[in-house]
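Reading through the structure tokens given below for one structure.
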Amino acid sequence: MSPEGDALALPQAPEAHLRQLLRRIRETLREHYGLTNVRIRPLGGGASRFSLPCQLIGTHGGRRIPLFAKIVGTSDLLTVVASQFIKNMYLTMNAKDSLFDVPTSALEVAEYQSDTLARMRKLGLNTARPLGFHPLDGVRVLLVTEWIEGTPLSRTTVTPQMMESAFGQLAALHRGGVQHGDLKSDNIMVGPTGKVFLLDVARFRESAPVRAREAYDLACLMCTMAQYQSSDAVIAAASKNFDPGRLQTSAEYLGLVRRRPDFYLTDLIAERLRNGLRRR
Ligand SMILES: Nc1ncnc2c1ncn2[C@@H]1O[C@H](COP(=O)(O)OP(=O)(O)OP(=O)(O)O)[C@@H](O)[C@H]1O
Ligand SMILES: [Mg+2]
């Protein structure tokens with residue numbers, strides 16, 4: 001090709017790449033799910049970093065079927081590594097064990113998320129049924145789950161019943177030997193009848209003590225709910241499912257959660273939660 005030809009082809013490369021990716025997604029859905037005429041609709045989403053969530057709607061047996069999927073590995077792995085590293089640093093500086101795993105590939109992330117959602121379903125919790133994960137190219141992986149008709153927690157009026165359901169499910173998850181790893185408003189959805197779904201899990205470090213992982217999960221859920229309900233109501237709902245010892249341990253992680261950019265907690269609310277938990 002002439003030098004001019006090369007120069008002209010360069011700006012078109014991202015578009016060609018995107019087209020190829022979309023083609024691969026359609027092929028995957030036909031091959032593995034028998035879906036044709038697939039429409040791919042990217043979902044906005046909060047602070048998503050390592051994936052691109054989408055709704056996929058395809059035809060099967062004359063019916064239109066919606067699925068949830070995310071293209072894992074779309075943004076820089078370095079961003080995720082940096083964020084996990086900073087959270088671990090914060091814990092180390094506060095004389096606590098590092099908790100957060102640093103993913104090394106999209107495949108590892110997709111496999112972990114798919115396996116953990118399956119374990120959650122086995123425990124009888126409300127979450128999306130995982131359907132499969134499929135490498136798209138050398139870097140990206142498509143994770144497919146059932147589509148949940150619902151609204152993100154941040155766009156719902158959070159009721160005491162919803163809070164109790166969320167804390168109850170977290171306690172059941174922990175009793176089943178599973179930790180969530182990334183509880184926050186973005187990762188909780190509410191169905192039309194008020195059913196609460198816990199979604200989008202993240203892996204803790206292999207060496208992190210289970211008790212600390214559980215305490216961090218509980219701190220995240222309390223901080224999530226404290227964005228919508230009074231700290232007293234949040235602690236009351238948590239207390240129905242977690243004993244005072246666990247509530248007190250979780251208070252040790254409030255400082256970290258408070259500093260996360262995807263939580264919107266004022267110092268006053270964090271302080272109220274901390275004081276309320278101390279009194280337990
Ligand atoms: N099964 C589902 N059905 C419908 N909507 C969903 C489903 N799972 C998640 N969502 C919505 O899509 C958004 C993004 O999904 P998710 O949280 O799994 O991805 P992410 O945050 O981009 O992933 P990651 O944290 O791995 O980068 C969620 O905040 C939620 O509102
Ligand atoms: Mg998420």
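Ligands are numbered from 1 in the order shown, chains are lettered A, B, ... in the order of the structure tokens, and residues start at 1 in each chain.
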Any idea what's packed within 8 Å of Gly132 (chain A), counting only C-alpha atoms, ignoring anything in its chain fewer than 5 positions away? Could you give it as a PyMOL selection string?
-> chain A and resi 114+143-145
Would you save the residues from that selection as a tab-separated table (two decimals), in the first residue's frame, using N, CA and C atoms?
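Result file follows (selection20.tsv):
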chain	number	residue	atom	x	y	z
A	114	SER	N	-19.17	-15.15	36.65
A	114	SER	CA	-20.15	-16.15	36.24
A	114	SER	C	-20.29	-17.25	37.32
A	143	LEU	N	-19.61	-11.60	28.84
A	143	LEU	CA	-20.27	-12.33	29.91
A	143	LEU	C	-21.78	-12.14	29.72
A	144	VAL	N	-22.51	-13.24	29.63
A	144	VAL	CA	-23.95	-13.16	29.34
A	144	VAL	C	-24.76	-13.70	30.52
A	145	THR	N	-25.79	-12.95	30.91
A	145	THR	CA	-26.69	-13.42	31.97
A	145	THR	C	-28.13	-13.15	31.55
Near Leu35 (chain A), within 6 Å and counting only C-alpha atoms, which residues show up once chain neighbours fewer than 6 positions away are dropped, as a PyMOL selection string?
-> chain A and resi 29+58-60
Collect all residues with atoms no farther than 6 Å from ligand 1, counting only C-alpha atoms and all ligand atoms, and output them as a short mmCIF file (atom, residue, chain, number, x, y, z; two decimals) with C-alpha atoms, in the first residue's frame.
data_model
loop_
_atom_site.label_atom_id
_atom_site.label_comp_id
_atom_site.auth_asym_id
_atom_site.auth_seq_id
_atom_site.Cartn_x
_atom_site.Cartn_y
_atom_site.Cartn_z
CA GLY A 45 -24.19 2.82 33.91
CA SER A 48 -18.27 1.19 35.35
CA ARG A 49 -14.59 0.81 34.73
CA PHE A 50 -13.64 -2.54 33.40
CA SER A 51 -16.65 -3.43 31.30
CA LEU A 52 -19.23 -2.17 28.88
CA PRO A 53 -22.72 -3.33 29.95
CA PHE A 68 -27.87 -8.81 29.76
CA ALA A 128 -29.00 -12.73 37.47
CA THR A 145 -26.69 -13.42 31.97
CA GLU A 146 -30.45 -13.34 32.06
CA TRP A 147 -32.01 -9.89 31.72
CA ILE A 148 -33.58 -8.52 34.89
CA PRO A 152 -31.15 0.58 39.87
CA ASP A 186 -24.90 0.58 41.02
CA ASN A 187 -24.79 -3.13 41.75
CA ASP A 200 -21.82 -7.59 39.84
#
Minimum-distance residue to Thr116 (chain A), chosen among A:Leu153, A:Ala69, A:Leu199, A:Ala166 (using only C-alpha atoms) = A:Leu199
Name the residues of region 67-188 of chain A that fall into strand (DSSP E) according to DSSP on the backbone, using the chain letters and numbers of this document, as number ranges by chain.
-> A: 67-72, 130-135, 141-146, 151-152, 188
Contacts of Arg272 (chain A) at 12 Å or less, counting only C-alpha atoms, minus same-chain residues fewer than 3 places along, as a list of chain:residue names?
->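 Contacts, with the query itself left out: A:Met222, A:Cys223, A:Ala226, A:Ser230, A:Ser231, A:Asp232, A:Ala233, A:Val234, A:Ile235, A:Ala251, A:Leu254, A:Leu265, A:Thr266, A:Asp267, A:Leu268, A:Ile269, A:Asn275, A:Gly276, A:Leu277, A:Arg278, A:Arg279.
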Dump C-alpha atoms for the selected residues as a short mmCIF file (atom, residue, chain, number, x, y, z; two decimals), in the first residue's frame?
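What follows is the written file again16.cif:
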data_model
loop_
_atom_site.label_atom_id
_atom_site.label_comp_id
_atom_site.auth_asym_id
_atom_site.auth_seq_id
_atom_site.Cartn_x
_atom_site.Cartn_y
_atom_site.Cartn_z
CA MET A 222 -24.58 -0.11 55.26
CA CYS A 223 -22.96 2.84 53.48
CA ALA A 226 -27.24 5.17 54.47
CA SER A 230 -31.31 7.30 58.32
CA SER A 231 -28.26 5.68 59.89
CA ASP A 232 -30.44 4.41 62.77
CA ALA A 233 -32.82 2.70 60.33
CA VAL A 234 -29.85 1.18 58.46
CA ILE A 235 -28.28 -0.16 61.64
CA ALA A 251 -17.18 -0.17 61.41
CA LEU A 254 -16.27 2.70 57.05
CA LEU A 265 -21.70 9.80 52.03
CA THR A 266 -21.14 12.93 54.03
CA ASP A 267 -18.76 12.93 56.98
CA LEU A 268 -21.76 13.47 59.24
CA ILE A 269 -23.56 10.33 58.02
CA ASN A 275 -21.22 6.01 66.56
CA GLY A 276 -24.34 3.89 66.12
CA LEU A 277 -22.23 0.77 65.53
CA ARG A 278 -19.97 1.50 68.50
CA ARG A 279 -23.00 1.51 70.79
#
Quick one: DSSP alpha helix (DSSP H) residues in region 75-222 of chain A, as number ranges by chain?
-> A: 77-93, 106-122, 160-175, 210-222
Between CA of Ser239 (chain A) and CA of Ser165 (chain A), what is the spacing in Å?
->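 Going from CA of Ser165 (chain A) over to CA of Ser239 (chain A), I get 12.5 Å.
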